[in-house]
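**Q** work-v5.tsv is the file, holding TSV, C-alpha atoms:
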```
chain	number	residue	atom	x	y	z
A	23	MET	CA	101.34	-23.55	37.15
A	24	ALA	CA	100.69	-19.84	36.56
A	25	GLU	CA	97.16	-18.60	37.31
A	26	PRO	CA	95.08	-17.40	34.36
A	27	ARG	CA	94.97	-13.64	33.97
A	28	MET	CA	92.56	-11.35	32.23
A	29	ARG	CA	95.32	-9.62	30.28
A	30	SER	CA	97.96	-10.95	27.96
A	31	PRO	CA	101.61	-10.38	28.99
A	32	LEU	CA	102.05	-8.07	26.02
A	33	GLY	CA	98.97	-6.10	27.05
A	34	ARG	CA	100.36	-5.68	30.54
A	35	ALA	CA	103.74	-4.62	29.23
A	36	ILE	CA	102.46	-2.02	26.77
A	37	GLY	CA	99.72	-0.76	29.10
A	38	LEU	CA	97.60	0.81	26.37
A	39	GLY	CA	94.75	3.13	27.28
A	40	SER	CA	94.65	6.20	29.47
A	41	ALA	CA	94.14	4.29	32.72
A	42	LYS	CA	96.63	1.58	31.74
A	43	GLU	CA	94.97	-1.04	33.91
A	44	GLY	CA	91.53	-1.83	35.26
A	45	VAL	CA	90.02	-4.99	33.88
A	46	GLU	CA	90.34	-6.78	37.22
A	47	HIS	CA	88.55	-3.86	38.89
A	48	TRP	CA	85.81	-4.07	36.25
A	49	TRP	CA	85.41	-7.81	36.73
A	50	ALA	CA	85.40	-7.69	40.54
A	51	GLN	CA	82.74	-4.99	40.33
A	52	ARG	CA	80.57	-7.27	38.20
A	53	VAL	CA	81.08	-10.38	40.33
A	54	THR	CA	80.23	-8.55	43.56
A	55	ALA	CA	77.26	-6.96	41.81
A	56	ILE	CA	75.91	-10.35	40.77
A	57	ALA	CA	76.38	-11.67	44.32
A	58	LEU	CA	74.62	-8.62	45.74
A	59	VAL	CA	71.43	-9.15	43.74
A	60	PRO	CA	70.18	-12.19	45.68
A	61	LEU	CA	71.86	-11.10	48.91
A	62	THR	CA	70.24	-7.68	48.87
A	63	LEU	CA	66.80	-9.01	47.96
A	64	TRP	CA	67.07	-11.54	50.77
A	65	PHE	CA	68.12	-8.79	53.18
A	66	VAL	CA	65.22	-6.53	52.21
A	67	VAL	CA	62.72	-9.35	52.72
A	68	ALA	CA	64.32	-10.24	56.06
A	69	VAL	CA	64.25	-6.64	57.28
A	70	ILE	CA	60.60	-6.30	56.32
A	71	ALA	CA	59.75	-9.56	58.06
A	72	LEU	CA	61.54	-8.35	61.19
A	73	ALA	CA	60.01	-4.87	61.10
A	74	GLY	CA	58.90	-3.85	64.58
A	75	ALA	CA	60.39	-6.90	66.27
A	76	ASP	CA	62.33	-6.37	69.48
A	77	ARG	CA	65.97	-7.10	69.99
A	78	SER	CA	65.57	-10.61	71.39
A	79	LEU	CA	63.75	-11.73	68.28
A	80	PHE	CA	66.43	-10.23	66.07
A	81	VAL	CA	69.24	-11.88	68.04
A	82	GLU	CA	67.40	-15.19	67.95
A	83	TRP	CA	67.17	-14.89	64.17
A	84	VAL	CA	70.90	-14.12	63.83
A	85	ARG	CA	71.76	-17.24	65.81
A	86	HIS	CA	70.69	-19.45	62.97
A	87	PRO	CA	73.50	-20.36	60.56
A	88	LEU	CA	71.87	-19.24	57.32
A	89	PRO	CA	70.94	-15.68	58.37
A	90	ALA	CA	74.29	-15.20	60.09
A	91	VAL	CA	76.35	-16.40	57.14
A	92	LEU	CA	74.28	-14.49	54.59
A	93	LEU	CA	74.61	-11.32	56.64
A	94	VAL	CA	78.39	-11.74	56.75
A	95	LEU	CA	78.51	-12.34	53.00
A	96	LEU	CA	76.27	-9.32	52.46
A	97	LEU	CA	78.68	-7.11	54.41
A	98	ILE	CA	81.73	-8.39	52.55
A	99	ALA	CA	80.13	-8.01	49.14
A	100	THR	CA	78.64	-4.61	49.98
A	101	PHE	CA	81.85	-3.04	51.24
A	102	TYR	CA	83.96	-4.58	48.48
A	103	HIS	CA	81.54	-3.42	45.76
A	104	GLY	CA	81.16	-0.05	47.47
A	105	ALA	CA	84.90	0.47	47.76
A	106	LEU	CA	85.38	-0.30	44.07
A	107	GLY	CA	82.65	2.20	43.20
A	108	LEU	CA	83.93	4.93	45.52
A	109	GLN	CA	87.41	4.40	44.12
A	110	VAL	CA	86.20	5.47	40.68
A	111	VAL	CA	84.30	8.43	42.14
A	112	ILE	CA	87.40	9.66	43.97
A	113	GLU	CA	89.57	9.14	40.89
A	114	ASP	CA	87.12	11.12	38.78
A	115	TYR	CA	86.51	14.14	40.98
A	116	ILE	CA	89.58	14.82	43.10
A	117	GLU	CA	92.26	16.64	41.10
A	118	ASN	CA	94.74	17.32	43.84
A	119	GLU	CA	97.03	14.30	43.92
A	120	THR	CA	97.74	14.38	47.65
A	121	LEU	CA	94.09	14.71	48.56
A	122	ARG	CA	93.09	12.00	46.10
A	123	PHE	CA	95.66	9.61	47.48
A	124	GLY	CA	94.76	10.39	51.10
A	125	LEU	CA	91.05	10.04	50.51
A	126	MET	CA	91.56	6.78	48.66
A	127	ILE	CA	93.50	5.27	51.56
A	128	VAL	CA	90.99	6.49	54.14
A	129	MET	CA	88.07	5.14	52.10
A	130	LYS	CA	89.60	1.73	51.53
A	131	LEU	CA	90.72	1.28	55.13
A	132	ALA	CA	87.39	2.53	56.47
A	133	SER	CA	85.62	-0.03	54.27
A	134	ILE	CA	87.67	-2.80	55.83
A	135	VAL	CA	87.17	-1.52	59.39
A	136	LEU	CA	83.42	-1.13	58.94
A	137	ALA	CA	83.06	-4.56	57.38
A	138	ALA	CA	85.11	-6.06	60.23
A	139	LEU	CA	82.99	-4.32	62.87
A	140	GLY	CA	79.79	-5.55	61.27
A	141	ILE	CA	81.04	-9.10	60.90
A	142	PHE	CA	82.24	-9.14	64.50
A	143	ALA	CA	78.84	-7.92	65.70
A	144	ILE	CA	77.05	-10.65	63.75
A	145	LEU	CA	79.35	-13.38	65.04
A	146	LYS	CA	79.13	-12.08	68.59
A	147	MET	CA	75.35	-12.34	68.55
A	148	SER	CA	75.50	-15.71	66.85
A	149	PHE	CA	77.87	-17.36	69.27
A	150	ALA	CA	76.87	-15.66	72.50
A	151	ALA	CA	75.49	-17.86	75.24
B	6	MET	CA	100.48	19.57	37.91
B	7	THR	CA	97.57	22.04	37.54
B	8	THR	CA	98.55	25.66	38.09
B	9	ASP	CA	95.99	28.37	37.21
B	10	LYS	CA	92.32	27.54	37.19
B	11	ARG	CA	91.39	28.04	33.53
B	12	PRO	CA	87.82	29.01	32.61
B	13	LEU	CA	85.51	26.11	31.85
B	14	SER	CA	82.93	26.46	29.10
B	15	PRO	CA	79.40	26.00	30.55
B	16	HIS	CA	78.07	22.49	30.01
B	17	LEU	CA	75.53	21.63	32.69
B	18	GLN	CA	73.67	24.86	31.98
B	19	ILE	CA	73.76	24.32	28.22
B	20	TYR	CA	73.55	20.65	27.30
B	21	ARG	CA	70.01	19.29	27.32
B	22	TRP	CA	69.17	16.93	30.19
B	23	GLN	CA	68.36	13.46	28.88
B	24	LEU	CA	67.11	10.28	30.49
B	25	THR	CA	70.41	8.57	29.69
B	26	SER	CA	72.68	11.12	31.36
B	27	VAL	CA	70.34	11.67	34.32
B	28	MET	CA	70.05	7.95	35.04
B	29	SER	CA	73.79	7.56	34.74
B	30	ILE	CA	74.59	10.19	37.35
B	31	LEU	CA	71.77	8.92	39.55
B	32	HIS	CA	73.36	5.49	39.46
B	33	ARG	CA	76.57	6.99	40.80
B	34	ALA	CA	74.76	9.19	43.33
B	35	SER	CA	72.66	6.28	44.64
B	36	GLY	CA	75.82	4.21	44.93
B	37	VAL	CA	77.48	6.86	47.08
B	38	ALA	CA	74.30	7.17	49.17
B	39	LEU	CA	74.23	3.41	49.69
B	40	SER	CA	77.84	3.47	50.84
B	41	LEU	CA	76.87	6.00	53.48
B	42	GLY	CA	73.87	3.87	54.39
B	43	ALA	CA	76.16	0.90	54.88
B	44	ILE	CA	77.77	2.81	57.75
B	45	LEU	CA	74.35	3.08	59.35
B	46	LEU	CA	73.82	-0.63	58.81
B	47	VAL	CA	77.04	-1.45	60.66
B	48	TRP	CA	76.08	0.92	63.47
B	49	TRP	CA	72.76	-0.89	63.77
B	50	LEU	CA	74.43	-4.33	63.89
B	51	VAL	CA	77.01	-3.22	66.44
B	52	ALA	CA	74.27	-1.70	68.60
B	53	ALA	CA	72.27	-4.92	68.44
B	54	ALA	CA	75.32	-6.93	69.50
B	55	GLU	CA	76.11	-4.47	72.29
B	56	GLY	CA	72.84	-4.91	74.17
B	57	ALA	CA	69.25	-3.85	74.61
B	58	ASP	CA	70.05	-0.23	75.51
B	59	SER	CA	72.22	0.57	72.51
B	60	TYR	CA	69.78	-1.25	70.24
B	61	ALA	CA	66.90	0.76	71.65
B	62	SER	CA	68.67	4.05	70.93
B	63	VAL	CA	69.30	3.09	67.29
B	64	GLN	CA	65.70	1.97	66.88
B	65	THR	CA	64.53	5.26	68.40
B	66	PHE	CA	66.65	7.19	65.92
B	67	LEU	CA	65.31	5.12	63.02
B	68	GLY	CA	61.78	5.66	64.32
B	69	SER	CA	62.16	9.44	64.39
B	70	TRP	CA	60.92	11.42	61.40
B	71	PHE	CA	64.49	12.13	60.32
B	72	GLY	CA	65.40	8.48	60.66
B	73	ARG	CA	62.39	7.47	58.61
B	74	VAL	CA	63.26	9.98	55.89
B	75	LEU	CA	66.76	8.51	55.76
B	76	LEU	CA	65.39	4.99	55.64
B	77	PHE	CA	63.00	5.90	52.84
B	78	GLY	CA	65.73	7.61	50.85
B	79	TRP	CA	67.99	4.63	51.39
B	80	SER	CA	65.34	2.23	50.11
B	81	VAL	CA	64.77	4.33	46.98
B	82	ALA	CA	68.53	4.45	46.38
B	83	LEU	CA	68.74	0.71	46.94
B	84	PHE	CA	65.99	-0.28	44.53
B	85	TYR	CA	67.14	2.19	41.91
B	86	HIS	CA	70.77	1.09	42.09
B	87	LEU	CA	69.71	-2.57	42.03
B	88	CYS	CA	67.43	-2.23	38.99
B	89	ASN	CA	69.75	0.08	37.08
B	90	GLY	CA	72.64	-2.19	38.04
B	91	LEU	CA	70.87	-5.10	36.38
B	92	ARG	CA	70.42	-2.88	33.33
B	93	HIS	CA	74.20	-2.28	33.34
B	94	LEU	CA	74.89	-6.00	33.58
B	95	VAL	CA	72.68	-6.61	30.56
B	96	TRP	CA	74.66	-3.95	28.67
B	97	ASP	CA	77.86	-5.73	29.65
B	98	THR	CA	76.73	-8.71	27.62
B	99	GLY	CA	76.39	-6.41	24.63
B	100	ARG	CA	72.60	-6.46	24.58
B	101	GLY	CA	70.15	-3.58	24.67
B	102	LEU	CA	72.55	-0.89	23.51
B	103	GLU	CA	70.35	0.46	20.70
B	104	LEU	CA	69.00	3.90	21.59
B	105	ARG	CA	65.39	2.77	21.61
B	106	SER	CA	66.18	-0.09	24.00
B	107	VAL	CA	68.19	2.18	26.26
B	108	TYR	CA	65.22	4.50	26.70
B	109	ALA	CA	62.76	1.64	27.16
B	110	SER	CA	64.89	-0.12	29.77
B	111	GLY	CA	65.52	3.22	31.42
B	112	TRP	CA	61.85	3.94	31.96
B	113	ALA	CA	61.37	0.32	33.07
B	114	VAL	CA	63.98	0.84	35.79
B	115	VAL	CA	62.25	4.03	36.96
B	116	ALA	CA	58.92	2.19	37.12
B	117	ALA	CA	60.41	-0.85	38.86
B	118	THR	CA	62.07	1.38	41.46
B	119	ALA	CA	58.76	3.05	42.27
B	120	VAL	CA	56.86	-0.24	42.43
B	121	LEU	CA	59.45	-1.99	44.60
B	122	THR	CA	59.66	0.96	46.98
B	123	VAL	CA	55.89	1.11	47.41
B	124	ILE	CA	55.56	-2.64	47.92
B	125	ALA	CA	58.43	-2.77	50.41
B	126	TRP	CA	57.08	0.09	52.50
B	127	ILE	CA	53.50	-1.18	52.53
B	128	ALA	CA	54.77	-4.61	53.58
B	129	GLY	CA	57.12	-3.13	56.15
B	130	ILE	CA	54.57	-0.82	57.72
B	131	SER	CA	51.89	-3.50	57.93
B	132	GLN	CA	54.39	-5.91	59.47
B	133	TRP	CA	55.51	-3.26	61.94
B	134	SER	CA	51.90	-2.52	62.90
B	135	GLN	CA	51.37	-6.13	63.85
B	136	TRP	CA	53.86	-5.67	66.67
B	137	HIS	CA	53.01	-2.11	67.62
B	138	GLY	CA	49.44	-1.86	66.35
```
Starting from the file, give its structure as structure tokens.

**A**
Amino acid sequence: MAEPRMRSPLGRAIGLGSAKEGVEHWWAQRVTAIALVPLTLWFVVAVIALAGADRSLFVEWVRHPLPAVLLVLLLIATFYHGALGLQVVIEDYIENETLRFGLMIVMKLASIVLAALGIFAILKMSFAA
Amino acid sequence: MTTDKRPLSPHLQIYRWQLTSVMSILHRASGVALSLGAILLVWWLVAAAEGADSYASVQTFLGSWFGRVLLFGWSVALFYHLCNGLRHLVWDTGRGLELRSVYASGWAVVAATAVLTVIAWIAGISQWSQWHG
């Protein structure tokens, strides 16, 4: 069965509006934003609680499932939300088509690489002996 | 394809600054700042995973005056973007779009940002002092 979409087939075909498409971007931005509210508040509280602690204490904290998983989710949501936001910024301010395209690719790929690095670091600490 | 750069009529120097427009651009600016801060966050996590030495160097950087300025700026950007983001989500439901409400919620966001920043830093510094007092 076909998955539900946010646009009607006719809407997609006609592509009205200057940007022609974008509702999925808009929705993903909102969903990640909603996820980031509790995740960010949790992170701020955790960072404050860990303020001044040495590395061993931090690693010990990351070993527990809840902090580790929440940190991973925070990274995913942050870089996804951030990439969506930066996409609009690049679209708005870069006139030169080549530069805009290049910057967009670099930004999106960098978001993935950074998220992957962060997630790997968290998992490494979590699973290390 | 743009060819000659045509003259642009002055706007930023002419149009009156308003809470609405200022908060809007600040929301974008804080978002960009947070994206840059996320890079620092990843660097911190990678350093922690790497070992005590790399972790120590990141902590030293964050403890320097420049590092602390960055951290403070990041926290302001975070709380502002969070509070103003919630304001945006409320608007998405169609509520609070009357001009009076927009200004009231705007000032509320500014106040909330200040309060949250102060609370977070007082809590953080006192917690930090317990280890390094």

**Q** Excluding B:Trp49 and its own-chain neighbours fewer than 3 positions away, which residues fall within 8 Å of it when counting all atoms listed in the file? Please give them as number ranges by chain.

**A** B: 45-46, 52-53, 60, 63

**Q** With 6 Å as the threshold, what does the neighbourhood of (79.9, 1.0, 63.2) contain in terms of residues, counting all atoms listed in the file? Coordinates are those of the file; answer as a list in words.

**A**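 Output of the proximity query reads Leu136 of chain A; Val47 and Trp48 of chain B.
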
**Q** Would you list the contacts of A:Asp76 as a PyMOL selection string, taking every protein, DNA or RNA residue within 12 Å and counting only C-alpha atoms, but skipping same-chain residues closer than 2 positions in sequence?

**A** (chain A and resi 72-74+78-83) or (chain B and resi 53+56-58+60-61+63-65+133+136-137)

**Q** Give me the chain A side of the contact with chain B, cut-off 10 Å, one line per residue showing its nearest atom pair and distance in Å at one decimal, counting all atoms listed in the file, sorted by chain and residue number, as a tab-separated table.

**A**
```
residue	atom	partner	partner_atom	distance
A:Arg52	CA	B:Leu94	CA	7.4
A:Ala55	CA	B:Gly90	CA	7.6
A:Ile56	CA	B:Leu94	CA	8.5
A:Leu58	CA	B:Leu87	CA	8.6
A:Val59	CA	B:Leu87	CA	7.0
A:Thr62	CA	B:Leu87	CA	8.6
A:Leu63	CA	B:Leu87	CA	9.2
A:Val66	CA	B:Ala125	CA	8.0
A:Val67	CA	B:Ala125	CA	8.2
A:Val69	CA	B:Gly129	CA	8.0
A:Ile70	CA	B:Gly129	CA	4.7
A:Ala71	CA	B:Gln132	CA	6.6
A:Leu72	CA	B:Gln132	CA	7.7
A:Ala73	CA	B:Trp133	CA	4.9
A:Gly74	CA	B:Trp133	CA	4.3
A:Ala75	CA	B:Trp136	CA	6.7
A:Asp76	CA	B:Ala61	CA	8.7
A:Arg77	CA	B:Ala57	CA	6.5
A:Ser78	CA	B:Ala57	CA	8.3
A:Phe80	CA	B:Ala53	CA	8.2
A:Val81	CA	B:Ala53	CA	7.6
A:Leu97	CA	B:Ala43	CA	8.4
A:Thr100	CA	B:Ala43	CA	7.8
A:Phe101	CA	B:Ser40	CA	7.7
A:His103	CA	B:Ser40	CA	9.3
A:Gly104	CA	B:Ser40	CA	5.9
A:Ala105	CA	B:Ser40	CA	8.3
A:Gly107	CA	B:Gly36	CA	7.3
A:Leu108	CA	B:Val37	CA	6.9
A:Val110	CA	B:Arg33	CA	9.7
A:Val111	CA	B:Arg33	CA	8.0
A:Glu117	CA	B:Thr7	CA	8.4
A:Asn118	CA	B:Thr7	CA	8.4
A:Glu119	CA	B:Met6	CA	8.7
A:Ala132	CA	B:Ile44	CA	9.7
A:Ser133	CA	B:Ile44	CA	9.0
A:Leu136	CA	B:Val47	CA	6.6
A:Ala137	CA	B:Val47	CA	7.5
A:Ala138	CA	B:Val47	CA	9.3
A:Leu139	CA	B:Val47	CA	7.0
A:Gly140	CA	B:Val47	CA	5.0
A:Ile141	CA	B:Val47	CA	8.6
A:Phe142	CA	B:Val51	CA	8.1
A:Ala143	CA	B:Val51	CA	5.1
A:Ile144	CA	B:Leu50	CA	6.8
A:Leu145	CA	B:Ala54	CA	8.8
A:Lys146	CA	B:Ala54	CA	6.5
A:Met147	CA	B:Ala54	CA	5.5
A:Ser148	CA	B:Ala54	CA	9.2
A:Ala150	CA	B:Ala54	CA	9.4
```

**Q** Find the residues near B:Trp79: any atom within 9 Å, counting all atoms listed in the file, skip ones fewer than 6 places away on the same chain, and give them as a PyMOL selection string.

**A** chain B and resi 35+38-39+42

**Q** When you look at stretch 37-48 of chain A with a cut-off of 10 Å (counting all atoms listed in the file), what residues show up, excluding the ones that are within fewer than 2 positions of it in the same chain? I need them as a PyMOL selection string.

**A** chain A and resi 27-29+31-35+50-53+103+106-107+109-110

**Q** Compare B:Val114, B:Glu103, B:Arg92, B:His86 by their minimum atom-to-atom distance to B:His32, counting all atoms listed in the file, and give me the closest one.

**A**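 Checking each of B:Val114, B:Glu103, B:Arg92, B:His86 against B:His32, counting all atoms listed in the file, the winner is B:His86.
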